[in-house]
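Here's target.cif, which has mmCIF, C-alpha atoms:
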data_coords
#
loop_
_atom_site.label_atom_id
_atom_site.label_comp_id
_atom_site.auth_asym_id
_atom_site.auth_seq_id
_atom_site.Cartn_x
_atom_site.Cartn_y
_atom_site.Cartn_z
CA MET A 88 0.00 0.00 0.00
CA ILE A 89 2.83 2.42 0.87
CA LEU A 90 4.48 2.09 -2.53
CA ASP A 91 1.14 2.34 -4.32
CA LEU A 92 0.37 5.50 -2.39
CA LEU A 93 3.73 7.00 -3.33
CA ILE A 94 3.24 6.11 -7.00
CA GLU A 95 -0.23 7.61 -6.96
CA GLY A 96 1.29 10.78 -5.53
CA PHE A 97 3.79 10.79 -8.44
CA GLU A 98 0.90 10.46 -10.89
CA SER A 99 -1.05 13.26 -9.27
CA ALA A 100 1.97 15.54 -9.55
CA LEU A 101 1.31 15.82 -13.27
CA LEU A 102 -2.40 16.53 -12.96
CA PRO A 103 -4.03 19.96 -12.61
CA CYS A 104 -5.23 19.13 -9.10
CA SER A 105 -1.66 19.58 -7.87
CA PHE A 106 -1.14 23.09 -9.30
CA VAL A 107 -2.26 24.64 -6.03
CA VAL A 108 0.59 22.91 -4.23
CA LEU A 109 3.26 22.97 -6.89
CA VAL A 110 3.04 26.59 -8.02
CA PRO A 111 3.62 28.20 -4.58
CA GLY A 112 6.07 25.42 -3.74
CA ALA A 113 8.11 26.21 -6.84
CA ALA A 114 7.99 29.90 -5.93
CA VAL A 115 9.46 29.14 -2.49
CA VAL A 116 12.18 26.94 -3.93
CA ILE A 117 13.15 29.53 -6.52
CA ALA A 118 13.06 32.45 -4.10
CA SER A 119 15.05 30.75 -1.38
CA ARG A 120 17.77 29.01 -3.35
CA GLN A 121 20.49 29.80 -0.82
CA GLU A 122 18.30 28.64 2.04
CA SER A 123 16.26 26.09 0.14
CA THR A 124 16.64 23.33 2.72
CA PRO A 125 14.93 25.17 5.61
CA ALA A 126 12.43 26.69 3.19
CA PHE A 127 11.63 23.29 1.71
CA ILE A 128 11.32 21.63 5.11
CA GLY A 129 9.10 24.46 6.32
CA PHE A 130 6.93 24.20 3.21
CA PHE A 131 6.60 20.44 3.64
CA ILE A 132 5.64 20.67 7.33
CA GLY A 133 3.09 23.43 6.67
CA LEU A 134 1.56 21.51 3.79
CA ILE A 135 1.26 18.28 5.77
CA ALA A 136 -0.11 20.03 8.86
CA LEU A 137 -2.90 21.93 7.11
CA SER A 138 -3.74 19.06 4.77
CA PHE A 139 -4.05 16.61 7.65
CA TRP A 140 -6.10 19.10 9.65
CA ARG A 141 -8.59 19.52 6.81
CA PHE A 142 -8.59 16.06 5.29
CA SER A 143 -9.08 14.27 8.60
CA GLY A 144 -12.09 16.42 9.43
CA ARG A 145 -10.35 17.92 12.44
CA GLY A 146 -10.76 21.44 11.10
CA ALA A 147 -12.80 23.36 8.60
CA ASP A 148 -11.51 25.17 5.55
CA LEU A 149 -9.68 28.40 6.36
CA PRO A 150 -11.25 31.67 5.16
CA THR A 151 -9.47 32.96 2.07
CA THR A 152 -8.57 36.17 3.90
CA ILE A 153 -6.51 34.18 6.39
CA VAL A 154 -4.83 32.26 3.57
CA ALA A 155 -4.01 35.51 1.80
CA LEU A 156 -2.52 36.92 5.01
CA LEU A 157 -0.39 33.77 5.43
CA LEU A 158 0.93 34.21 1.90
CA ALA A 159 1.57 37.93 2.37
CA ALA A 160 3.55 37.25 5.54
CA ALA A 161 5.43 34.51 3.73
CA VAL A 162 6.48 36.91 0.96
CA VAL A 163 8.14 39.13 3.57
CA LEU A 164 9.83 36.23 5.35
CA VAL A 165 11.11 34.61 2.16
CA ALA A 166 12.43 37.96 0.92
CA ILE A 167 14.34 38.82 4.12
CA PRO A 168 17.46 36.78 3.22
CA LEU A 169 18.08 39.30 0.46
CA VAL A 170 19.09 41.62 3.27
CA ARG A 171 20.25 39.15 5.85
CA ARG A 172 20.63 35.40 5.61
CA LEU A 173 18.54 33.73 8.31
CA ASN A 174 17.58 30.10 7.88
CA ILE A 175 14.94 30.20 10.57
CA VAL A 176 13.17 33.11 8.89
CA THR A 177 13.22 31.44 5.48
CA GLY A 178 12.00 28.23 7.07
CA ALA A 179 9.12 30.12 8.64
CA GLY A 180 8.31 31.63 5.26
CA GLY A 181 8.24 28.17 3.70
CA LEU A 182 6.04 26.96 6.55
CA LEU A 183 3.46 29.69 5.90
CA VAL A 184 3.42 29.01 2.16
CA GLY A 185 3.01 25.29 2.80
CA ALA A 186 0.16 25.98 5.22
CA ALA A 187 -1.54 28.23 2.66
CA ALA A 188 -1.14 25.57 -0.04
CA GLY A 189 -2.54 22.95 2.32
CA ALA A 190 -5.49 25.22 3.07
CA LEU A 191 -6.33 25.66 -0.62
CA TRP A 192 -5.51 22.19 -1.91
CA VAL A 193 -8.30 20.10 -3.46
CA PRO A 194 -6.38 16.92 -4.22
CA CYS A 195 -7.00 14.25 -6.80
CA VAL A 196 -8.64 11.31 -5.07
CA ALA A 197 -7.62 8.16 -6.89
CA ILE A 198 -7.98 4.74 -5.28
CA GLN A 199 -5.04 4.65 -2.86
CA PHE A 200 -5.45 8.20 -1.64
CA ALA A 201 -9.21 7.63 -1.43
CA ASP A 202 -8.58 4.65 0.84
CA LEU A 203 -6.37 6.87 2.98
CA LEU A 204 -8.90 9.72 3.10
CA ASN A 205 -11.86 7.50 3.87
CA GLY A 206 -10.01 5.93 6.79
CA LEU A 207 -8.32 9.09 8.03
CA PRO A 208 -10.83 10.08 10.74
CA GLU A 209 -10.50 6.64 12.33
CA ARG A 210 -6.73 6.32 12.13
CA THR A 211 -4.40 7.52 14.84
CA PRO A 212 -2.87 10.88 13.94
CA VAL A 213 0.62 9.35 13.74
CA VAL A 214 -0.38 6.74 11.19
CA GLY A 215 -2.54 9.21 9.29
CA VAL A 216 0.24 11.79 9.07
CA ALA A 217 2.79 9.13 8.09
CA LEU A 218 0.64 7.94 5.19
CA LEU A 219 -0.09 11.50 4.12
CA VAL A 220 3.65 12.19 4.11
CA VAL A 221 4.19 9.28 1.72
CA TYR A 222 1.58 10.58 -0.69
CA VAL A 223 2.75 14.20 -0.50
CA VAL A 224 6.35 13.18 -1.20
CA GLY A 225 5.08 11.84 -4.51
CA VAL A 226 3.00 14.93 -5.24
CA ILE A 227 5.88 17.33 -4.65
CA ALA A 228 8.43 15.28 -6.58
CA PRO A 229 8.71 18.05 -9.19
CA LEU A 230 9.80 20.41 -6.40
CA PHE A 231 12.59 18.00 -5.43
CA ALA A 232 13.63 17.99 -9.06
CA LEU A 233 13.52 21.79 -9.25
CA ALA A 234 15.51 22.20 -6.04
CA ALA A 235 18.06 19.68 -7.30
CA ALA A 236 18.33 21.48 -10.63
CA LEU A 237 19.01 24.78 -8.88
CA TYR A 238 21.88 23.19 -6.95
CA LEU A 239 23.48 22.28 -10.24
CA ILE A 240 23.79 25.90 -11.32
CA PRO A 241 27.37 27.01 -10.69
CA ASN A 242 27.69 29.43 -7.81
CA PRO A 243 29.00 32.44 -9.77
CA THR A 244 26.01 32.21 -12.11
CA LEU A 245 23.68 31.73 -9.20
CA ILE A 246 24.97 34.79 -7.38
CA LEU A 247 24.20 36.85 -10.48
CA ALA A 248 20.80 35.24 -10.88
CA ARG A 249 19.91 35.53 -7.21
CA PRO A 250 17.98 38.85 -7.33
CA VAL A 251 16.03 37.68 -10.37
CA MET A 252 15.11 34.40 -8.66
CA LEU A 253 14.04 36.25 -5.54
CA VAL A 254 11.85 38.61 -7.53
CA VAL A 255 10.32 35.77 -9.55
CA GLY A 256 9.66 33.62 -6.46
CA CYS A 257 8.39 36.37 -4.18
CA GLY A 258 6.50 38.01 -7.06
CA THR A 259 4.67 34.75 -7.73
CA LEU A 260 3.80 34.38 -4.07
CA ALA A 261 2.62 38.00 -3.93
CA ILE A 262 0.40 37.48 -6.98
CA ILE A 263 -1.09 34.34 -5.41
CA ALA A 264 -1.67 36.26 -2.15
CA LEU A 265 -3.40 39.12 -3.97
CA ALA A 266 -5.48 36.77 -6.11
CA THR A 267 -6.53 34.84 -3.01
CA ALA A 268 -7.42 38.03 -1.13
CA ALA A 269 -9.46 39.27 -4.10
CA GLY A 270 -11.22 35.92 -4.47
CA PHE A 271 -9.68 35.25 -7.88
CA SER A 272 -7.51 32.28 -6.94
CA ASP A 273 -10.15 29.72 -7.96
CA GLU A 274 -10.63 31.54 -11.23
CA ILE A 275 -6.91 31.52 -11.98
CA ILE A 276 -6.50 27.87 -11.06
CA GLY A 277 -9.65 27.08 -13.06
CA ARG A 278 -8.20 28.84 -16.09
CA LEU A 279 -4.97 26.86 -15.73
CA VAL A 280 -6.95 23.65 -15.40
CA GLU A 281 -9.05 24.54 -18.43
CA LEU A 282 -5.94 25.24 -20.49
CA SER A 283 -4.32 22.03 -19.36
CA VAL A 284 -7.25 19.80 -20.22
CA ILE A 285 -8.21 21.18 -23.60
CA MET B 260 30.94 18.88 -8.30
CA ASN B 261 30.79 18.98 -4.54
CA ARG B 262 28.97 16.43 -2.39
CA LEU B 263 25.78 18.49 -2.26
CA GLN B 264 25.67 18.70 -6.02
CA TYR B 265 26.05 14.92 -6.32
CA VAL B 266 23.11 14.51 -3.96
CA ALA B 267 21.14 17.06 -5.99
CA VAL B 268 21.80 15.13 -9.20
CA ILE B 269 20.68 11.84 -7.65
CA VAL B 270 17.52 13.38 -6.16
CA GLY B 271 16.72 15.09 -9.43
CA ILE B 272 17.21 11.95 -11.48
CA LEU B 273 15.06 9.93 -9.06
CA ALA B 274 12.29 12.52 -9.08
CA VAL B 275 12.21 13.02 -12.84
CA GLY B 276 12.79 9.32 -13.55
CA GLY B 277 9.99 8.38 -11.18
CA LEU B 278 7.57 10.76 -12.85
CA VAL B 279 8.47 9.57 -16.33
CA ALA B 280 8.34 5.89 -15.40
CA VAL B 281 5.01 6.23 -13.68
CA ASN B 282 3.46 8.07 -16.57
CA LEU B 283 4.88 5.88 -19.30
CA GLY B 284 3.38 2.91 -17.56
CA ASP B 285 -0.02 4.39 -16.95
CA ASN B 286 -2.32 5.03 -19.84
CA ASN B 287 -5.13 6.16 -17.59
CA THR B 288 -3.27 9.25 -16.51
CA SER B 289 -2.72 10.60 -19.98
CA GLU B 290 -6.25 9.74 -20.92
CA ALA B 291 -7.42 11.51 -17.85
CA ALA B 292 -7.07 15.08 -18.90
CA ALA B 293 -9.36 15.15 -21.84
CA PRO B 294 -12.80 16.48 -21.17
CA THR B 295 -14.57 18.23 -23.98
CA VAL B 296 -15.89 21.66 -23.22
CA THR B 297 -18.43 22.98 -25.64
CA ALA B 298 -17.96 26.50 -26.84
CA ASP B 299 -21.65 26.94 -27.58
CA PRO B 300 -23.47 29.66 -25.67
CA ALA B 301 -25.25 28.28 -22.64
CA PRO B 302 -29.01 28.06 -22.81
CA ALA B 303 -30.94 28.31 -19.57
CA PRO B 304 -31.22 24.94 -17.82
CA GLU B 305 -34.97 24.79 -18.34
CA ASP B 306 -34.40 25.19 -22.08
CA GLN B 307 -32.00 22.29 -22.18
CA PRO B 308 -33.13 19.41 -24.32
CA THR B 309 -33.15 16.09 -22.56
CA THR B 310 -29.85 14.60 -23.62
CA THR B 311 -29.43 10.98 -24.39
CA ALA B 312 -25.96 9.59 -24.41
CA PRO B 313 -24.97 6.98 -26.98
CA ALA B 314 -25.30 3.36 -26.01
CA PRO B 315 -22.32 2.43 -23.82
CA THR B 316 -20.37 -0.75 -24.02
CA THR B 317 -19.74 -1.24 -20.33
CA ALA B 318 -20.33 -4.76 -19.10
CA PRO B 319 -22.47 -5.02 -15.96
CA PRO B 320 -20.39 -5.52 -12.83
CA GLU B 321 -20.06 -8.95 -11.29
CA THR B 322 -21.88 -8.31 -8.06
CA ALA B 323 -22.12 -10.51 -5.02
CA PRO B 324 -24.65 -9.12 -2.53
CA LEU B 325 -23.48 -8.45 1.01
CA ALA B 326 -23.99 -11.18 3.57
CA ASN B 327 -25.15 -8.65 6.15
CA ALA B 328 -27.15 -5.47 5.79
CA PRO B 329 -24.98 -2.42 5.18
CA GLU B 330 -24.53 -0.10 8.13
CA PHE B 331 -26.79 2.91 8.67
CA LEU B 332 -24.66 6.03 8.22
CA GLY B 333 -27.31 8.62 8.90
CA GLU B 334 -30.20 10.20 7.12
CA ALA B 335 -29.51 11.77 3.75
CA GLY B 336 -30.39 15.35 3.02
CA THR B 337 -32.35 16.54 0.05
CA LEU B 338 -31.27 18.55 -2.99
CA THR B 339 -32.28 22.19 -2.89
CA ASN B 340 -31.53 25.40 -4.74
CA LEU B 341 -30.63 23.51 -7.91
CA ASP B 342 -29.99 25.15 -11.24
CA GLY B 343 -32.10 22.53 -13.02
CA TRP B 344 -32.00 18.90 -14.09
CA LEU B 345 -30.67 17.17 -17.18
CA GLN B 346 -31.63 13.81 -18.64
CA THR B 347 -34.83 13.40 -16.63
CA ASP B 348 -38.36 14.73 -16.49
CA ASN B 349 -38.18 14.81 -12.70
CA THR B 350 -37.77 18.22 -11.15
CA GLU B 351 -37.34 17.40 -7.46
CA PHE B 352 -35.13 15.05 -5.51
CA SER B 353 -38.29 13.81 -3.78
CA ASP B 354 -39.48 12.46 -7.14
CA PHE B 355 -36.99 9.64 -6.56
CA ASP B 356 -38.27 8.85 -3.05
CA GLY B 357 -38.96 5.24 -2.23
CA THR B 358 -36.23 3.92 -4.49
CA VAL B 359 -32.67 2.78 -3.94
CA ARG B 360 -30.49 5.68 -5.09
CA VAL B 361 -26.85 6.20 -5.86
CA VAL B 362 -26.12 9.90 -5.44
CA GLN B 363 -22.75 11.02 -6.74
CA PHE B 364 -21.32 14.53 -6.43
CA TRP B 365 -19.10 15.05 -9.46
CA THR B 366 -17.76 17.61 -11.86
CA PHE B 367 -16.97 16.90 -15.46
CA SER B 368 -13.28 17.80 -15.67
CA CYS B 369 -12.44 15.81 -12.56
CA ILE B 370 -10.34 12.81 -13.54
CA ASN B 371 -11.28 10.79 -10.49
CA CYS B 372 -14.99 11.36 -11.19
CA LYS B 373 -14.48 10.10 -14.73
CA ASN B 374 -12.67 7.04 -13.45
CA THR B 375 -15.74 5.99 -11.45
CA LEU B 376 -18.09 6.18 -14.41
CA ASP B 377 -17.44 2.76 -15.94
CA ASN B 378 -18.49 0.99 -12.76
CA LEU B 379 -21.42 3.32 -12.19
CA ARG B 380 -22.62 2.77 -15.74
CA GLY B 381 -22.47 -0.99 -15.29
CA LEU B 382 -24.36 -0.72 -12.03
CA TYR B 383 -26.99 1.50 -13.64
CA GLN B 384 -27.45 -0.87 -16.56
CA GLU B 385 -27.79 -3.89 -14.32
CA TYR B 386 -30.10 -2.49 -11.65
CA GLU B 387 -32.00 0.38 -13.26
CA PRO B 388 -34.64 -2.08 -14.56
CA GLN B 389 -35.05 -3.27 -10.95
CA GLY B 390 -35.66 0.21 -9.62
CA LEU B 391 -32.23 1.70 -8.99
CA ASN B 392 -31.89 5.42 -9.59
CA VAL B 393 -28.49 6.98 -10.12
CA ILE B 394 -28.35 10.75 -9.68
CA GLY B 395 -25.28 12.69 -10.65
CA VAL B 396 -25.14 15.97 -8.76
CA HIS B 397 -22.92 18.20 -10.86
CA ALA B 398 -21.10 20.61 -8.54
CA PRO B 399 -18.57 22.57 -10.61
CA GLU B 400 -15.14 23.11 -9.13
CA PHE B 401 -14.21 25.84 -11.60
CA ALA B 402 -16.09 28.53 -13.52
CA PHE B 403 -15.72 26.81 -16.91
CA GLU B 404 -17.64 23.83 -15.55
CA GLU B 405 -20.70 25.93 -14.65
CA ASP B 406 -22.14 26.12 -18.16
CA PRO B 407 -25.13 23.72 -18.37
CA ALA B 408 -24.48 23.16 -22.07
CA ALA B 409 -20.94 22.07 -21.23
CA VAL B 410 -22.29 19.69 -18.60
CA ALA B 411 -24.76 18.25 -21.11
CA GLN B 412 -22.00 17.80 -23.69
CA ALA B 413 -19.73 16.19 -21.11
CA ALA B 414 -22.54 13.81 -20.17
CA ILE B 415 -22.67 12.67 -23.80
CA ASP B 416 -18.91 12.41 -24.14
CA GLN B 417 -18.48 10.56 -20.87
CA GLN B 418 -21.60 8.42 -21.33
CA VAL B 419 -23.29 9.59 -18.19
CA LEU B 420 -26.68 8.00 -18.77
CA TRP B 421 -28.53 8.95 -15.60
CA PRO B 422 -30.28 12.10 -14.38
CA ILE B 423 -28.06 15.03 -13.53
CA ALA B 424 -28.92 17.67 -10.94
CA LEU B 425 -27.16 20.98 -11.55
CA ASP B 426 -25.75 22.14 -8.21
CA THR B 427 -24.03 25.11 -9.80
CA ASN B 428 -23.59 27.16 -6.63
CA LYS B 429 -22.51 24.05 -4.69
CA THR B 430 -25.18 24.47 -2.02
CA ASN B 431 -25.80 20.73 -1.85
CA PHE B 432 -22.14 19.85 -2.26
CA ARG B 433 -21.53 21.77 0.97
CA THR B 434 -24.58 20.65 2.92
CA TRP B 435 -24.13 16.97 2.14
CA GLN B 436 -20.39 17.16 2.88
CA THR B 437 -20.32 19.20 6.03
CA GLU B 438 -16.68 18.68 6.99
CA ARG B 439 -14.64 17.04 4.27
CA ARG B 440 -15.48 18.12 0.74
CA PHE B 441 -14.14 16.18 -2.21
CA TRP B 442 -14.96 15.20 -5.77
CA PRO B 443 -16.25 12.60 -6.34
CA ARG B 444 -18.35 11.64 -3.32
CA THR B 445 -20.66 8.70 -3.75
CA TYR B 446 -23.56 7.79 -1.50
CA VAL B 447 -26.04 4.93 -1.64
CA LEU B 448 -29.45 5.64 -0.13
CA ASP B 449 -31.97 2.98 0.78
CA ARG B 450 -35.68 3.32 0.05
CA GLU B 451 -36.22 5.24 3.28
CA GLY B 452 -33.55 7.78 2.46
CA ASN B 453 -30.88 6.50 4.83
CA ILE B 454 -27.25 6.58 3.77
CA ARG B 455 -25.93 3.01 3.55
CA PHE B 456 -22.66 3.66 1.68
CA ASP B 457 -20.40 6.70 1.61
CA ARG B 458 -17.17 6.92 -0.32
CA ILE B 459 -14.79 9.78 -1.05
CA GLY B 460 -12.95 9.37 -4.34
CA GLU B 461 -12.38 6.36 -6.53
CA GLY B 462 -12.44 2.72 -5.53
CA ALA B 463 -14.45 0.43 -3.22
CA TYR B 464 -16.44 -0.63 -6.28
CA ASP B 465 -17.12 -4.13 -4.94
CA GLU B 466 -18.55 -2.69 -1.75
CA LEU B 467 -20.63 -0.15 -3.69
CA ASN B 468 -22.00 -2.79 -6.04
CA ALA B 469 -22.70 -5.23 -3.23
CA THR B 470 -24.51 -2.56 -1.21
CA VAL B 471 -26.75 -1.71 -4.16
CA ALA B 472 -27.37 -5.40 -4.87
CA PHE B 473 -28.30 -6.04 -1.24
CA LEU B 474 -30.69 -3.08 -1.04
CA ILE B 475 -32.36 -3.95 -4.33
CA GLU B 476 -32.81 -7.58 -3.36
CA ASN B 477 -33.88 -6.86 0.22
CA PRO B 478 -36.55 -4.15 0.10
CA GLY B 479 -37.08 -4.10 3.85
CA ALA B 480 -33.41 -4.03 4.78
#

Using structure tokens, write down the structure that the file contains.
Amino acid sequence: MILDLLIEGFESALLPCSFVVLVPGAAVVIASRQESTPAFIGFFIGLIALSFWRFSGRGADLPTTIVALLLAAAVVLVAIPLVRRLNIVTGAGGLLVGAAAGALWVPCVAIQFADLLNGLPERTPVVGVALLVVYVVGVIAPLFALAAALYLIPNPTLILARPVMLVVGCGTLAIIALATAAGFSDEIIGRLVELSVI
Amino acid sequence: MNRLQYVAVIVGILAVGGLVAVNLGDNNTSEAAAPTVTADPAPAPEDQPTTTAPAPTTAPPETAPLANAPEFLGEAGTLTNLDGWLQTDNTEFSDFDGTVRVVQFWTFSCINCKNTLDNLRGLYQEYEPQGLNVIGVHAPEFAFEEDPAAVAQAAIDQQVLWPIALDTNKTNFRTWQTERRFWPRTYVLDREGNIRFDRIGEGAYDELNATVAFLIENPGA
């Protein structure tokens, strides 16, 4: 079951239902290249925490205003290393983005993940979180690939590209925050989904 | 390359290789993302012609009824504030009262909803003559799925043969799924309107089919 769940996560990574997770995740990875490990860990923890909270029925969906505020705060935290390099701050930024993604995520529900979801309220939190981690690792595989690809860029090039990456990453997060605050996030995701399925 | 870069290369290769391998070996995934969205202007739901999908080729499911009566999972709600119905002359959910019903919340671009249709079609074909009603409650996830003409076209393309309730503003999607809201969500209701099966997402087809078979064959259960 574990391997099937991981493979199903891999499959979902290429479907439109994962855009909500992958787009902000990619923005964090790109923006925080020099601190990508704490940012990535923070993103992962935030994503798992909010997803488990919602999917297990332990909490309701967050209001979009709160999600937008999380993203806005994350933009500031992820941008701070431009001035001063602080892993803990970048990690916190990643955590907020992950939490926002987990709050907005409407996942694909194929057989293995459906089995997990249907049993989630009855499982112990430890087992439930562990299984969710397996699935999410598959879903965010493209982010692992992106992070790995960024490590391959030679340092001199990366230092030159750093401001651009920060602007692209934080800019994307800021756009998502604004779109969420204005109630357009569903419309944007819907448009992306429509384009991807036609 | 330093040690970190070696690790990055390995992780990258594993991630990309995993994605490629999984998708090369899975035809369903590539097939998944192909709904047809009509570009025709949307007529009002009441003006919609009753759409009949072409004859499907799905074989009826091999169904073994449950040994014991399925558990009572609560009383089902009704369907209110709908935007209309497709593929039926009925206009109220109560028109289906007194029958065994499969109620599925779906939306037409949802891959997991589409993946459940083969089994549902087989179930419908096998048990509709014996009184089963299948009701697809179309609750659009995105704006482009709200157009009733697009829903009607998708019903033809995806061979959705049963009545469709248009829950365009998702009122019923939210009231039936109070805490955890997903597409698809499939319920089986007995003749008294009690929920006897509840499934988020794909799968559990044997249990679904057996529940329907049991309720059809045991009217008092």

- For the atom pair atom CA of B:Glu400 and atom CA of A:Phe97, what is the interatomic distance in Å to one decimal place?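 Taking atom CA of B:Glu400 as the start and atom CA of A:Phe97 as the end point, the length is 22.6 Å.
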
Counting only C-alpha atoms, what are the residues of chain A within 6 Å of chain B, and for each of them which pair of atoms is the nearest and at what distance in Å, to one decimal? Sort the table by chain and rising number, as a tab-separated table.
residue	atom	partner	partner_atom	distance
A:Phe97	CA	B:Leu278	CA	5.8
A:Gly144	CA	B:Glu438	CA	5.7
A:Val196	CA	B:Gly460	CA	4.8
A:Ala197	CA	B:Glu461	CA	5.1
A:Ile198	CA	B:Glu461	CA	4.9
A:Ala201	CA	B:Gly460	CA	5.0
A:Ala228	CA	B:Ala274	CA	5.4
A:Ala232	CA	B:Gly271	CA	4.3
A:Ala235	CA	B:Ala267	CA	4.3
A:Tyr238	CA	B:Gln264	CA	5.9
A:Leu239	CA	B:Gln264	CA	6.0
A:Gly277	CA	B:Phe401	CA	4.9
A:Val284	CA	B:Ala292	CA	4.9

Could you write out the selected residues, including C-alpha atoms, as a compact mmCIF listing (two decimals), keeping the file's coordinate frame?
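Wrote it out as again20.txt, contents follow:
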# COMPACT_ATOMS: atom_id res chain seq x y z
CA PHE A 97 3.79 10.79 -8.44
CA GLY A 144 -12.09 16.42 9.43
CA VAL A 196 -8.64 11.31 -5.07
CA ALA A 197 -7.62 8.16 -6.89
CA ILE A 198 -7.98 4.74 -5.28
CA ALA A 201 -9.21 7.63 -1.43
CA ALA A 228 8.43 15.28 -6.58
CA ALA A 232 13.63 17.99 -9.06
CA ALA A 235 18.06 19.68 -7.30
CA TYR A 238 21.88 23.19 -6.95
CA LEU A 239 23.48 22.28 -10.24
CA GLY A 277 -9.65 27.08 -13.06
CA VAL A 284 -7.25 19.80 -20.22

- Do you have the atom CA of A:Ala100-atom CA of A:Ile276 distance handy? 15.0 Å

- Output the residue selection produced by the PyMOL selection byres ((chain A and resi 96) around 6) on the file above, formatted as a VMD selection string. chain A and resid 93 to 95 97 to 99 222 225 to 226

- Query: So how many Å separate atom CA of A:Gly133 and atom CA of A:Gly189, to one decimal?
  - Reply: 7.1 Å

- Explicit residue set for the PyMOL selection byres ((chain B and resi 337) around 9), as a list of chain:residue names: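 On the file shown, the PyMOL selection byres ((chain B and resi 337) around 9) covers B:Ala335, B:Gly336, B:Leu338, B:Thr339, B:Phe352, B:Ser353, B:Asn431, B:Trp435.
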
Near stretch 149-162 of chain A, within 7 Å and counting all atoms listed in the file, which residues show up once chain neighbours fewer than 2 positions away are dropped, as an mmCIF file with C-alpha atoms, keeping the file's coordinate frame?
data_model
loop_
_atom_site.group_PDB
_atom_site.id
_atom_site.type_symbol
_atom_site.label_atom_id
_atom_site.label_comp_id
_atom_site.auth_asym_id
_atom_site.auth_seq_id
_atom_site.Cartn_x
_atom_site.Cartn_y
_atom_site.Cartn_z
ATOM 1 C CA ALA A 147 -12.800 23.360 8.600
ATOM 2 C CA LEU A 164 9.830 36.230 5.350
ATOM 3 C CA VAL A 165 11.110 34.610 2.160
ATOM 4 C CA ALA A 166 12.430 37.960 0.920
ATOM 5 C CA GLY A 180 8.310 31.630 5.260
ATOM 6 C CA GLY A 181 8.240 28.170 3.700
ATOM 7 C CA LEU A 183 3.460 29.690 5.900
ATOM 8 C CA VAL A 184 3.420 29.010 2.160
ATOM 9 C CA ALA A 187 -1.540 28.230 2.660
ATOM 10 C CA ALA A 190 -5.490 25.220 3.070
ATOM 11 C CA CYS A 257 8.390 36.370 -4.180
ATOM 12 C CA LEU A 260 3.800 34.380 -4.070
ATOM 13 C CA ALA A 261 2.620 38.000 -3.930
ATOM 14 C CA ALA A 264 -1.670 36.260 -2.150
ATOM 15 C CA LEU A 265 -3.400 39.120 -3.970
ATOM 16 C CA THR A 267 -6.530 34.840 -3.010
ATOM 17 C CA ALA A 268 -7.420 38.030 -1.130
#

- Message: What's around A:Ala188 at 7 Å? Count only C-alpha atoms, leave out sequence neighbours fewer than 4 positions away in its own chain, and write the answer as number ranges by chain.
- Response: A: 107-108, 134, 184, 192

- Message: Excluding A:Leu218 and its own-chain neighbours fewer than 4 positions away, which residues fall within 10 Å of it when counting only C-alpha atoms? Please give them as a ChimeraX atom specification.
- Response: /A:88-89,92-93,200,203-204,207,212-214,222-223

Can I get the selected residues back with C-alpha atoms, as a short mmCIF file (atom, residue, chain, number, x, y, z; two decimals), in the coordinates of the input?
data_model
loop_
_atom_site.label_atom_id
_atom_site.label_comp_id
_atom_site.auth_asym_id
_atom_site.auth_seq_id
_atom_site.Cartn_x
_atom_site.Cartn_y
_atom_site.Cartn_z
CA MET A 88 0.00 0.00 0.00
CA ILE A 89 2.83 2.42 0.87
CA LEU A 92 0.37 5.50 -2.39
CA LEU A 93 3.73 7.00 -3.33
CA PHE A 200 -5.45 8.20 -1.64
CA LEU A 203 -6.37 6.87 2.98
CA LEU A 204 -8.90 9.72 3.10
CA LEU A 207 -8.32 9.09 8.03
CA PRO A 212 -2.87 10.88 13.94
CA VAL A 213 0.62 9.35 13.74
CA VAL A 214 -0.38 6.74 11.19
CA TYR A 222 1.58 10.58 -0.69
CA VAL A 223 2.75 14.20 -0.50
#

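Residue nearest B:Ile454 within the list B:Gln384, B:Thr470, B:Gln346, B:Asn378: B:Thr470 [criterion: smallest interatomic distance, all atoms listed in the file].
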
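Counting all atoms listed in the file and comparing B:Trp344, B:Phe367, B:Trp421, B:Phe473, the residue that lies closest to B:Leu448 is B:Phe473.
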
- Excluding A:Pro250 and residues on its chain fewer than 4 positions from it, collect all residues at most 9 Å away from it, counting all atoms listed in the file, and give them as a PyMOL selection string. chain A and resi 118+169+246+254-255

- Task: Point out the residue among A:Ser143, A:Gln199, A:Thr177, A:Ser105 with the least atom-to-atom distance to A:Gly129, counting only C-alpha atoms.
- Result: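 The closest residue to A:Gly129 is A:Thr177.
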
- Message: Need the shell around B:Glu334: protein/DNA/RNA residues with any atom at most 10 Å away, counting only C-alpha atoms. Skip same-chain ones fewer than 6 positions apart. Format as a PyMOL selection string?
- Response: chain B and resi 448-449+451-455

- Message: Suppose a student applies the PyMOL selection byres ((chain B and resi 424) around 6) to this structure; what residues should they get, written as a ChimeraX atom specification?
- Response: /B:344,396,423,425

- Message: Using all atoms listed in the file - which residues lie no farther than 10 Å from the point (16.6, 28.1, 9.8) in the file's frame? Write them as a list in words.
- Response: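 It turns out the residues near that spot are Glu122, Ser123, Thr124, Pro125, Ala126, Ile128, Gly129, Arg172, Leu173, Asn174, Ile175, Val176, Thr177, Gly178 and Ala179 of chain A.
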
- Item | Pick from A:Thr259, A:Thr211, A:Ser283, A:Ser272 nearest to A:Val116, counting only C-alpha atoms |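 Looking only at the distances to A:Val116, the closest residue turns out to be A:Thr259.
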